[in-house]
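Colleague: The following block contains the structure, expressed as structure tokens.
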Amino acid sequence: MSRSKSVLTQLLQIFPQWRPQMYFKASLTALSHAMEDQVLAGSEQPLVIASFQRERFYRQEAQRYRRIAQKSNQVYVLAAPETDFKHRSQDYETIAFDADDPLTKEWHLIVLGKSYASCLICQEKSPNRNQGMTTDMDNNRRFEGIWTFDRQVAQQAANILLKTIVDYRPELAEKAQQARDRYIPSDFLQDGDPQTQEVDNTTWDVTNNNPDPFVQRLVTYLQAGQYKLIKANRSLSAKEHKERLINSVTTAIRLSLDPDEILQVAVQKLGEGLGVCRCLVYRCKETDTTATIEHEFLNQGIPSIKGQTWPLQENPLFQEVVELRDALTIDNATNDPRLSNGKGNPSAQSLQTLVHSCSILSWMLVPIFYSGRLLGMLELHHCGPKPISWKEEDVALVNAIATQIGVALIQAEAYANLQDLNEQLEALDRTRSNLVAITGHELRTPLSTIQVCLESLATEPDMSPELRQVMLNTALQDAERMRKLVQDFLTLSQLESGRVEWNIEALDLHECVELSLSNVRARHKETPLPNIENLVMEELPLVKADGEWLVEVLAKLLDNACKFTSEEGKITIEVSCHSPHHLEVTVADTGRGIEPKRLETVFDRFYQEEGALRRSTGGTGLGLAICRQIVSGWGGHIWAESQGKDHGSQFHFTIPIYVDQMSSESAYPTITRSPQGRQRARGKRQK
Ligand code: ADP
């Protein structure tokens, strides 16, 4: 039963000079009600034909039509059924048309009386998806058509609709004919086919056909008001959409403190929200040459560029964004001057290749800044088929999201730093607790001995002079041990805290070795020492270090070698040169050796093979830790080697060669500070 042409199309074929006008739904409702009211208020029995698109629209007006039907027996209501609307002849005639009839998209109301005639013939326009209308869709419905008091138009429209009514309900043919006889003059209709009608259009004056210009003006105002309302609604819903998107991105990225997750979520939400073909985000600094694309959002069918190296220094667009410190948009990459003069310009050429390989047609680049520091870039690509014009509000939205990403990245960075700091603090706290425990023990042991000795001396007046001497010597030895421990402890903490002022100078290594040897010998006057052989050549390049600390390292290594080597054993000091930049000093002994798995641990604070709490060889367990700190102070390395237990040990450390700035050559000894001068300086530091 369905017909192909709408009533409006048929009517416009008869009256080609009529121009359809746009009506909002609210205006049509007002007009329809006014027309119906005219029937209800009048004393005529007019022909009324109302076509409602769907049953649900008719339902709201059903009561009204029952009242209208009391005024006239020529009332016809048409609608596409949804529940129980069907062909019926009760108060008035109802016609249920097919679901695919063009009437489903039309809104008609015709009122034909003796003294008045009016008609409303409209067709609904399909909604425009790009308008982003999400709220109040019903009020935004738009129609196109004719509303007039012109009797001829109303009669033609009535005739077309009466034909449709009879098509659906042939049993109403007689009633429809009665309506025609009564309301539509026969000379006007001739053979009854509206498409073959000949209407004298020359007599038409569209503006004068409306009996009441005031009503016309009222409708115009109504329309204008409605239009403004819709515009306001649209901008409000666009704003709402923008805020929702910003909020959803912000909420999502604030849930994480992992920068990668933040960027992925942001790019995903933004890409989805704006419906772009491709959305990228990468981290970069202003000076970076390239960036790697690690986070992208892709719409269906768009090629991925994840993992690709993105040019930055050679990319004029990136450079422009950095310079402007603002977003940049390109509506059509095929004719943008920055990309078109590729021939003589290699960077424009490479950009063209990029545009081609990534199918970029419209481009937006938005920098992510935080406190003036560039953290990354957001890119939106539209890949066709046609270019798009980026709107200012789109740029503002992406800018707002870029700001949020910046904040989230900084928060994540701060959190990571905080975590690092926490770990360092925890480690420091553990070290402090260990130190307190070990230092406490180290100090208590000699202190108890001293206390016992002194108490015995004080309370035992009859003690033999020999025993008295032993007691005194023991107390003195332990007091010395305590002094050394405190001194080493202070030295180490001074070195570790970086509070040491290095006095770097050109030094004669041979001289420093001699000095440290004499120190060691002086300290071990009383005890027999193993044979110590100094194999350091006199003709060596000068080294660059702090002399006092160098002697300290040598003395500590020699002290250890003496401690852990029996008097039958042997100690050698050698210097070798494996690189033009540094010398390697080796202190080797034939003593008790070190297990291979302990070669690194010996440099830990308080490490002693016997265990921290069972020392027999004397020493503080801080010597090698101090040596490592000193050697790293001049940029050298220190390490131990040993074939294992009872196979002796070798301690090596490197020291930079002094380069004469004038000649750029290694310098050889001329004058360095005298050993006595060093001794004085060392004494000064130890105070
Ligand atoms: P200390 O010698 O005061 O105990 P160090 O830090 O100088 O402390 O040495 C740590 C540990 O390394 C020593 O206790 C010892 O176990 C081991 N060690 C150091 N030098 C030698 C060496 N020449 N031969 C064997 N073991 C050594």
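Going through the structure tokens in order, the chains are called A, B, and so on, while each chain numbers its residues from 1 and the ligands are numbered from 1 in the order shown.
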Looking only at strand (DSSP E) from DSSP on the backbone, list the matching residues of region 75-309 of chain A as an MDAnalysis selection string.
Modeller: chainID A and resid 75:80 88:89 93:96 106:112 117:125 142:148 278:283 290:292 295:298 309
Colleague: Quick one: residues within 9 Å of Val75 (chain A), only C-alpha atoms counted, chain neighbours fewer than 5 positions away excluded, as JSON, numbers by chain?
Modeller: {"A": [46, 47, 48, 49, 50, 65, 68, 69, 91, 92, 93, 94]}
Colleague: May I have the residues within 10 Å of region 143-149 of chain A as a PyMOL selection string, using only C-alpha atoms and disregarding those fewer than 4 positions away in the same chain?
Modeller: chain A and resi 8-9+11-12+18-25+27-28+31-32+105-112+116-126+153-154+206-212+216
Colleague: Set out as CSV a contact list for chain A and ligand 1 with a cut-off of 8 Å, giving each residue of chain A that qualifies its closest atom pair and distance in Å to one decimal, counting only C-alpha atoms and all ligand atoms, ordered by chain and rising residue number.
Modeller:
residue,atom,partner,partner_atom_place_in_ligand_line,distance
A:Lys556,CA,ligand 1,7 (O),6.6
A:Leu557,CA,ligand 1,20 (N),6.7
A:Leu558,CA,ligand 1,23 (N),7.7
A:Asp559,CA,ligand 1,2 (O),7.7
A:Asn560,CA,ligand 1,20 (N),4.6
A:Ala561,CA,ligand 1,23 (N),3.9
A:Cys562,CA,ligand 1,23 (N),7.3
A:Lys563,CA,ligand 1,23 (N),7.3
A:Phe564,CA,ligand 1,24 (N),5.0
A:Thr565,CA,ligand 1,24 (N),7.1
A:Ala588,CA,ligand 1,23 (N),7.4
A:Asp589,CA,ligand 1,23 (N),6.4
A:Gly591,CA,ligand 1,24 (N),6.0
A:Arg592,CA,ligand 1,25 (C),5.4
A:Gly593,CA,ligand 1,25 (C),4.5
A:Ile594,CA,ligand 1,25 (C),5.2
A:Thr601,CA,ligand 1,12 (O),7.9
A:Val602,CA,ligand 1,12 (O),4.3
A:Phe603,CA,ligand 1,6 (O),6.0
A:Asp604,CA,ligand 1,6 (O),7.1
A:Arg605,CA,ligand 1,6 (O),6.7
A:Phe606,CA,ligand 1,6 (O),6.4
A:Tyr607,CA,ligand 1,10 (C),5.1
A:Gln608,CA,ligand 1,14 (O),3.4
A:Glu609,CA,ligand 1,16 (O),3.8
A:Glu610,CA,ligand 1,16 (O),6.7
A:Arg615,CA,ligand 1,4 (O),7.9
A:Thr617,CA,ligand 1,4 (O),7.3
A:Gly618,CA,ligand 1,3 (O),6.5
A:Gly619,CA,ligand 1,3 (O),3.3
A:Thr620,CA,ligand 1,3 (O),3.8
A:Gly621,CA,ligand 1,8 (O),3.1
A:Leu622,CA,ligand 1,6 (O),4.3
A:Gly623,CA,ligand 1,7 (O),3.6
A:Leu624,CA,ligand 1,6 (O),3.7
A:Ala625,CA,ligand 1,6 (O),5.7
A:Ile626,CA,ligand 1,6 (O),7.6
A:Gly648,CA,ligand 1,24 (N),6.5
A:Ser649,CA,ligand 1,24 (N),5.3
A:Gln650,CA,ligand 1,23 (N),7.0
A:Phe651,CA,ligand 1,23 (N),7.3
Colleague: Which is closer to Asn299 (chain A) than all the others in A:His382, A:Arg373, A:Lys163, A:His647, using only C-alpha atoms?
Modeller: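 Between A:His382, A:Arg373, A:Lys163, A:His647, the residue approaching Asn299 (chain A) most closely is A:His382.
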